[in-house]
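Chemist: This structure is in structure tokens; I'll ask about it shortly.
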Amino acid sequence: MTWTPTIQSCDSYLDDRTGKYEFRAVRYRAAADWLTASGLTHDMTIVDVGAGMTELDYCLRAEYGWRGRYIPVDGGIDGVNLNYWTPPREAHFFVALEIIEHLANWRALIERMQRKALIGVVMSTPNPRTTDVIGMDPTHMVEVYSKDLEPYAFKVSEETFYGGVFSDGAPDALFATWRR
């Protein structure tokens with residue numbers, strides 16, 4: 001497979017996204033709060049897996065004043081297929097917000113991120129207990145439950161990251177954190 005189809009398909013997906021940054025920022029702020037509480041400093045590196053339009057970077061810099069090294073990884077940025085991607089280097093933190101539900105090989109991605117994370121990993125995914133994960137987005141391939149993340153020692157909480165629109169007001173996302 002060449003890189004171009006991956007980049008084109010990711011660009012097409014991102015072009016179809018609607019809504020304002022403020023709606024999506026709820027998950028970025030949750031991640032930023034956890035990163036900060038976990039000791040994030042200006043000399044640290046964050047790898048944003050499935051970075052999309054790099055809005056996490058904007059949130060960290062504009063709202064939290066962070067000045068560290070941000071590395072975005074995304075099919076629309078570099079043509080990567082996250083089902084098979086292996087981090088080429090260690091980083092202090094890996095962030096994967098709203099991405100694992102798009103991957104058939106999501107477990108392997110978690111294992112690879114955990115091996116390369118010096119401090120921790122933070123992820124989010126739609127909550128299949130309250131939300132039709134597959135029905136909410138045609139690119140969603142899997143439902144990931146809290147119990148699926150237990151073997152990886154993630155601390156999981158239920159949050160409302162989509163405004164309860166897809167869940168009749170119930171917590172619509174899983175927020176998962178792991179520290180080395």
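Please note that chains go A, B, ... in the order of the structure tokens, that every chain numbers its residues from 1, and that ligands are numbered from 1 in the order shown.
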Can you pull out the residues contacting A:Glu55? Cut-off 12 Å, using only C-alpha atoms, and skip same-chain residues under 5 positions away; I want them as number ranges by chain.
Modeler: A: 20-29, 31-32, 48, 50, 60-63, 70, 72, 97
Chemist: Give the helix (DSSP H, G or I) residues of stretch 11-149 of chain A, as assigned by DSSP on the backbone, as a compact mmCIF listing (two decimals) with N, CA and C atoms, in the first residue's frame.
Modeler:
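Listed below is the output, states.txt:
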```
# COMPACT_ATOMS: atom_id res chain seq x y z
N ASP A 11 -7.63 12.45 5.24
CA ASP A 11 -8.04 13.82 4.95
C ASP A 11 -9.54 13.90 4.70
N SER A 12 -10.07 12.94 3.96
CA SER A 12 -11.49 12.90 3.68
C SER A 12 -12.28 12.75 4.98
N TYR A 13 -11.83 11.87 5.86
CA TYR A 13 -12.50 11.66 7.14
C TYR A 13 -12.50 12.96 7.96
N LEU A 14 -11.34 13.61 8.06
CA LEU A 14 -11.25 14.84 8.83
C LEU A 14 -12.07 15.97 8.21
N ASP A 15 -12.15 16.02 6.88
CA ASP A 15 -12.94 17.04 6.21
C ASP A 15 -14.43 16.90 6.52
N ASP A 16 -14.86 15.65 6.79
CA ASP A 16 -16.26 15.40 7.10
C ASP A 16 -16.62 15.75 8.54
N TYR A 21 -14.18 23.38 17.96
CA TYR A 21 -13.10 22.95 18.85
C TYR A 21 -13.62 22.82 20.28
N GLU A 22 -14.42 23.76 20.72
CA GLU A 22 -14.90 23.77 22.10
C GLU A 22 -15.64 22.48 22.45
N PHE A 23 -16.36 21.90 21.50
CA PHE A 23 -17.07 20.64 21.73
C PHE A 23 -16.07 19.50 21.93
N ARG A 24 -15.03 19.45 21.11
CA ARG A 24 -14.02 18.39 21.21
C ARG A 24 -13.03 18.61 22.34
N ALA A 25 -12.88 19.85 22.76
CA ALA A 25 -11.86 20.20 23.75
C ALA A 25 -12.08 19.54 25.11
N VAL A 26 -13.28 19.07 25.39
CA VAL A 26 -13.54 18.40 26.66
C VAL A 26 -12.56 17.24 26.85
N ARG A 27 -12.35 16.44 25.82
CA ARG A 27 -11.42 15.30 25.94
C ARG A 27 -9.97 15.76 26.00
N TYR A 28 -9.64 16.83 25.26
CA TYR A 28 -8.26 17.34 25.30
C TYR A 28 -7.93 17.87 26.70
N ARG A 29 -8.87 18.56 27.30
CA ARG A 29 -8.64 19.09 28.65
C ARG A 29 -8.53 17.96 29.67
N ALA A 30 -9.32 16.92 29.51
CA ALA A 30 -9.21 15.78 30.43
C ALA A 30 -7.81 15.16 30.32
N ALA A 31 -7.34 15.00 29.09
CA ALA A 31 -5.99 14.45 28.89
C ALA A 31 -4.94 15.39 29.45
N ALA A 32 -5.08 16.69 29.18
CA ALA A 32 -4.11 17.68 29.66
C ALA A 32 -4.09 17.72 31.19
N ASP A 33 -5.25 17.61 31.81
CA ASP A 33 -5.29 17.59 33.28
C ASP A 33 -4.54 16.37 33.82
N TRP A 34 -4.76 15.20 33.20
CA TRP A 34 -4.07 13.98 33.65
C TRP A 34 -2.57 14.09 33.41
N LEU A 35 -2.18 14.57 32.23
CA LEU A 35 -0.75 14.74 31.93
C LEU A 35 -0.10 15.67 32.94
N THR A 36 -0.75 16.78 33.24
CA THR A 36 -0.22 17.75 34.20
C THR A 36 -0.10 17.12 35.58
N ALA A 37 -1.14 16.42 36.01
CA ALA A 37 -1.11 15.75 37.32
C ALA A 37 -0.05 14.64 37.37
N GLU A 55 -5.31 19.20 17.58
CA GLU A 55 -5.97 20.10 18.52
C GLU A 55 -5.51 19.87 19.96
N LEU A 56 -5.01 18.68 20.29
CA LEU A 56 -4.45 18.48 21.62
C LEU A 56 -3.25 19.39 21.82
N ASP A 57 -2.41 19.51 20.80
CA ASP A 57 -1.25 20.40 20.88
C ASP A 57 -1.70 21.83 21.14
N TYR A 58 -2.71 22.28 20.42
CA TYR A 58 -3.25 23.63 20.62
C TYR A 58 -3.72 23.79 22.07
N CYS A 59 -4.48 22.82 22.57
CA CYS A 59 -5.00 22.88 23.93
C CYS A 59 -3.86 22.98 24.94
N LEU A 60 -2.87 22.12 24.80
CA LEU A 60 -1.75 22.12 25.74
C LEU A 60 -1.00 23.45 25.74
N ARG A 61 -0.79 23.99 24.57
CA ARG A 61 0.00 25.23 24.47
C ARG A 61 -0.82 26.48 24.82
N ALA A 62 -2.02 26.60 24.27
CA ALA A 62 -2.83 27.81 24.45
C ALA A 62 -3.50 27.87 25.82
N GLU A 63 -3.96 26.71 26.31
CA GLU A 63 -4.71 26.72 27.56
C GLU A 63 -3.88 26.33 28.79
N TYR A 64 -2.81 25.56 28.58
CA TYR A 64 -2.01 25.08 29.70
C TYR A 64 -0.59 25.66 29.71
N GLY A 75 -2.53 9.09 10.04
CA GLY A 75 -2.54 8.75 8.62
C GLY A 75 -2.64 9.96 7.71
N GLY A 76 -3.32 11.01 8.17
CA GLY A 76 -3.44 12.22 7.37
C GLY A 76 -2.21 13.10 7.41
N ILE A 77 -1.34 12.86 8.37
CA ILE A 77 -0.11 13.64 8.50
C ILE A 77 1.05 12.93 7.81
N ASP A 78 1.19 11.65 8.10
CA ASP A 78 2.37 10.91 7.62
C ASP A 78 2.05 9.59 6.91
N ILE A 100 -8.69 4.14 19.13
CA ILE A 100 -8.61 2.67 19.14
C ILE A 100 -9.86 2.01 18.56
N GLU A 101 -10.99 2.68 18.62
CA GLU A 101 -12.21 2.10 18.06
C GLU A 101 -12.16 2.01 16.53
N HIS A 102 -11.20 2.67 15.93
CA HIS A 102 -11.01 2.65 14.48
C HIS A 102 -10.07 1.54 14.03
N TRP A 106 -6.08 -2.89 17.78
CA TRP A 106 -5.92 -1.90 18.84
C TRP A 106 -5.12 -2.42 20.02
N ARG A 107 -5.24 -3.69 20.33
CA ARG A 107 -4.50 -4.25 21.47
C ARG A 107 -2.99 -4.15 21.25
N ALA A 108 -2.56 -4.45 20.05
CA ALA A 108 -1.12 -4.37 19.74
C ALA A 108 -0.63 -2.92 19.85
N LEU A 109 -1.45 -1.96 19.43
CA LEU A 109 -1.07 -0.56 19.56
C LEU A 109 -0.87 -0.19 21.03
N ILE A 110 -1.77 -0.62 21.89
CA ILE A 110 -1.63 -0.34 23.33
C ILE A 110 -0.33 -0.92 23.85
N GLU A 111 -0.06 -2.16 23.51
CA GLU A 111 1.18 -2.80 23.99
C GLU A 111 2.42 -2.06 23.50
N ARG A 112 2.42 -1.63 22.26
CA ARG A 112 3.58 -0.91 21.72
C ARG A 112 3.75 0.45 22.39
N MET A 113 2.64 1.15 22.65
CA MET A 113 2.75 2.44 23.34
C MET A 113 3.26 2.25 24.76
N GLN A 114 2.75 1.25 25.46
CA GLN A 114 3.19 1.02 26.84
C GLN A 114 4.68 0.66 26.91
N ARG A 115 5.17 -0.08 25.94
CA ARG A 115 6.60 -0.41 25.93
C ARG A 115 7.48 0.82 25.78
N LYS A 116 7.01 1.82 25.03
CA LYS A 116 7.83 3.00 24.73
C LYS A 116 7.54 4.20 25.63
N VAL A 133 -21.39 2.44 19.46
CA VAL A 133 -20.08 2.83 18.95
C VAL A 133 -19.99 2.64 17.44
N ILE A 134 -20.40 1.49 16.96
CA ILE A 134 -20.32 1.18 15.53
C ILE A 134 -21.28 2.07 14.73
N GLY A 135 -22.45 2.32 15.27
CA GLY A 135 -23.45 3.13 14.57
C GLY A 135 -23.14 4.62 14.54
N MET A 136 -22.33 5.11 15.47
CA MET A 136 -22.09 6.56 15.53
C MET A 136 -21.11 7.03 14.47
N SER A 146 -14.51 -1.35 29.26
CA SER A 146 -13.58 -1.19 30.38
C SER A 146 -12.85 -2.49 30.67
N LYS A 147 -13.58 -3.60 30.68
CA LYS A 147 -12.97 -4.90 31.00
C LYS A 147 -11.90 -5.29 29.97
N ASP A 148 -12.00 -4.78 28.74
CA ASP A 148 -11.00 -5.06 27.72
C ASP A 148 -9.67 -4.39 28.03
N LEU A 149 -9.73 -3.30 28.80
CA LEU A 149 -8.52 -2.54 29.13
C LEU A 149 -7.86 -3.02 30.42
```
Chemist: Using only C-alpha atoms, pick whichever of A:Phe93, A:Trp178, A:Tyr162, A:Trp66 has the shortest atom-to-atom distance to A:Glu150.
Modeler: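 The closest residue to A:Glu150 is A:Trp178.
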Chemist: Mind giving me the straight-line distance from atom CA of A:Arg89 to atom CA of A:Arg67 in Å, one decimal?
Modeler: 19.8 Å
Chemist: In Å, with one decimal, what is the gap from atom CA of A:Phe166 to atom CA of A:Pro128?
Modeler: 10.5 Å
Chemist: Could you state the separation of atom CA of A:Thr131 and atom CA of A:Asp172 in Å, given to one decimal place?
Modeler: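 One can read the atom CA of A:Thr131 to atom CA of A:Asp172 distance as 6.0 Å.
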Chemist: Considering only C-alpha atoms, state which residue in the set A:Met123, A:Ala96, A:Ala104, A:Val47 is at the smallest distance from A:Val142.
Modeler: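 When distances to A:Val142 are compared using only C-alpha atoms, the smallest one comes from A:Ala104.
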Chemist: Please identify all polymer residues within 6 Å of A:Glu158, counting only C-alpha atoms, omitting same-chain residues fewer than 5 positions from it, and present them as a tab-separated table (two decimals) with N, CA and C atoms, in the first residue's frame.
Modeler:
```tsv
chain	number	residue	atom	x	y	z
A	171	PRO	N	-22.88	8.84	30.56
A	171	PRO	CA	-21.47	8.97	30.19
A	171	PRO	C	-21.19	8.25	28.87
A	173	ALA	N	-18.19	8.20	27.04
A	173	ALA	CA	-16.80	7.89	26.70
A	173	ALA	C	-16.13	7.15	27.84
A	174	LEU	N	-15.12	6.37	27.47
A	174	LEU	CA	-14.23	5.77	28.45
A	174	LEU	C	-12.92	6.56	28.41
```
Chemist: Residues at most 10 Å from A:Asp74, counting only C-alpha atoms, excluding those fewer than 5 positions away in the same chain, as a VMD selection string?
Modeler: chain A and resid 6 to 7 10 48 to 54 79 to 82 99
Chemist: Give me a file of those residues, with all heavy atoms, as a CSV table (one decimal), in the first residue's frame.
Modeler:
```csv
chain,number,residue,atom,x,y,z
A,6,THR,N,-3.8,6.3,2.1
A,6,THR,CA,-4.0,6.5,3.5
A,6,THR,C,-4.2,8.0,3.8
A,6,THR,O,-5.1,8.4,4.6
A,6,THR,CB,-2.9,5.9,4.3
A,6,THR,OG1,-2.7,4.5,4.0
A,6,THR,CG2,-3.1,6.1,5.8
A,7,ILE,N,-3.3,8.8,3.3
A,7,ILE,CA,-3.4,10.2,3.5
A,7,ILE,C,-4.7,10.8,3.0
A,7,ILE,O,-5.4,11.5,3.7
A,7,ILE,CB,-2.2,11.0,2.9
A,7,ILE,CG1,-0.9,10.6,3.7
A,7,ILE,CG2,-2.4,12.5,2.9
A,7,ILE,CD1,0.3,11.1,3.1
A,10,CYS,N,-7.7,9.6,5.2
A,10,CYS,CA,-7.7,10.4,6.5
A,10,CYS,C,-8.1,11.8,6.3
A,10,CYS,O,-8.9,12.4,7.1
A,10,CYS,CB,-6.3,10.3,7.2
A,10,CYS,SG,-5.9,8.7,7.8
A,48,ASP,N,1.2,12.1,20.1
A,48,ASP,CA,-0.2,12.1,20.0
A,48,ASP,C,-0.6,11.2,18.8
A,48,ASP,O,-0.4,11.5,17.6
A,48,ASP,CB,-0.7,13.5,19.7
A,48,ASP,CG,-2.2,13.7,19.6
A,48,ASP,OD1,-2.9,12.7,19.9
A,48,ASP,OD2,-2.7,14.8,19.4
A,49,VAL,N,-1.0,10.0,19.2
A,49,VAL,CA,-1.3,8.9,18.2
A,49,VAL,C,-2.7,9.1,17.7
A,49,VAL,O,-3.7,9.1,18.5
A,49,VAL,CB,-1.1,7.5,18.9
A,49,VAL,CG1,-1.4,6.4,17.9
A,49,VAL,CG2,0.3,7.4,19.5
A,50,GLY,N,-2.9,9.3,16.4
A,50,GLY,CA,-4.2,9.6,15.8
A,50,GLY,C,-4.5,11.1,16.0
A,50,GLY,O,-5.6,11.5,16.4
A,51,ALA,N,-3.4,11.9,15.8
A,51,ALA,CA,-3.5,13.3,16.1
A,51,ALA,C,-4.5,14.2,15.4
A,51,ALA,O,-4.9,15.3,15.8
A,51,ALA,CB,-2.1,13.9,15.9
A,52,GLY,N,-5.0,13.7,14.2
A,52,GLY,CA,-6.0,14.4,13.5
A,52,GLY,C,-5.5,15.8,13.1
A,52,GLY,O,-4.4,16.0,12.5
A,53,MET,N,-6.2,16.8,13.6
A,53,MET,CA,-5.9,18.2,13.3
A,53,MET,C,-5.0,18.8,14.4
A,53,MET,O,-5.0,20.0,14.5
A,53,MET,CB,-7.2,19.0,13.1
A,53,MET,CG,-7.9,18.4,11.8
A,53,MET,SD,-9.5,19.0,11.4
A,53,MET,CE,-10.0,20.2,12.5
A,54,THR,N,-4.4,18.0,15.2
A,54,THR,CA,-3.4,18.4,16.3
A,54,THR,C,-4.0,19.4,17.3
A,54,THR,O,-3.4,20.2,17.8
A,54,THR,CB,-2.1,18.9,15.7
A,54,THR,OG1,-2.3,20.2,15.0
A,54,THR,CG2,-1.5,17.9,14.8
A,79,GLY,N,0.8,9.3,6.7
A,79,GLY,CA,0.4,8.1,6.0
A,79,GLY,C,0.5,6.8,6.8
A,79,GLY,O,0.3,5.7,6.2
A,80,VAL,N,0.7,6.9,8.1
A,80,VAL,CA,0.9,5.7,8.9
A,80,VAL,C,-0.4,4.9,9.0
A,80,VAL,O,-1.5,5.5,9.1
A,80,VAL,CB,1.4,6.1,10.3
A,80,VAL,CG1,0.4,6.9,11.1
A,80,VAL,CG2,1.9,4.9,11.1
A,81,ASN,N,-0.3,3.6,9.1
A,81,ASN,CA,-1.4,2.7,9.4
A,81,ASN,C,-1.2,2.3,10.9
A,81,ASN,O,-0.3,1.6,11.2
A,81,ASN,CB,-1.4,1.5,8.5
A,81,ASN,CG,-2.6,0.6,8.8
A,81,ASN,OD1,-3.1,0.6,9.9
A,81,ASN,ND2,-3.0,-0.2,7.8
A,82,LEU,N,-2.0,2.9,11.7
A,82,LEU,CA,-1.9,2.7,13.2
A,82,LEU,C,-2.1,1.2,13.6
A,82,LEU,O,-1.7,0.8,14.7
A,82,LEU,CB,-2.8,3.6,14.0
A,82,LEU,CG,-2.4,5.1,13.8
A,82,LEU,CD1,-3.4,5.9,14.5
A,82,LEU,CD2,-1.0,5.3,14.4
A,99,ILE,N,-9.3,6.9,19.1
A,99,ILE,CA,-8.6,6.3,17.9
A,99,ILE,C,-8.7,4.8,17.9
A,99,ILE,O,-8.9,4.1,16.9
A,99,ILE,CB,-7.1,6.7,17.8
A,99,ILE,CG1,-6.6,6.3,16.4
A,99,ILE,CG2,-6.3,6.2,18.9
A,99,ILE,CD1,-7.2,7.1,15.3
```
Chemist: Which parts of stretch 102-157 of chain A does DSSP call strand (DSSP E or B) when run on the backbone here, written out as an MDAnalysis selection string?
Modeler: chainID A and resid 117:126 155:157
Chemist: Excluding same-chain residues fewer than 3 positions from A:Phe175, what lies within 7 Å of it counting only C-alpha atoms, as number ranges by chain?
Modeler: A: 123-125, 156-159
Chemist: Can I get the selected residues back with N, CA and C atoms, as a compact mmCIF listing (two decimals), in the first residue's frame?
Modeler:
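Dumped everything to out09.txt:
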```txt
# COMPACT_ATOMS: atom_id res chain seq x y z
N MET A 123 -5.80 7.47 27.03
CA MET A 123 -6.63 7.16 25.86
C MET A 123 -8.08 7.48 26.18
N SER A 124 -8.86 7.63 25.11
CA SER A 124 -10.31 7.67 25.26
C SER A 124 -10.92 6.95 24.07
N THR A 125 -12.14 6.47 24.30
CA THR A 125 -12.90 5.76 23.27
C THR A 125 -14.37 5.87 23.63
N VAL A 156 -9.76 3.14 34.38
CA VAL A 156 -10.78 3.59 33.43
C VAL A 156 -11.92 4.28 34.17
N SER A 157 -12.33 5.42 33.64
CA SER A 157 -13.51 6.11 34.16
C SER A 157 -14.46 6.39 33.01
N GLU A 158 -15.72 6.50 33.35
CA GLU A 158 -16.73 6.88 32.36
C GLU A 158 -16.91 8.39 32.41
N GLU A 159 -16.87 9.02 31.26
CA GLU A 159 -16.95 10.48 31.15
C GLU A 159 -17.98 10.86 30.09
```
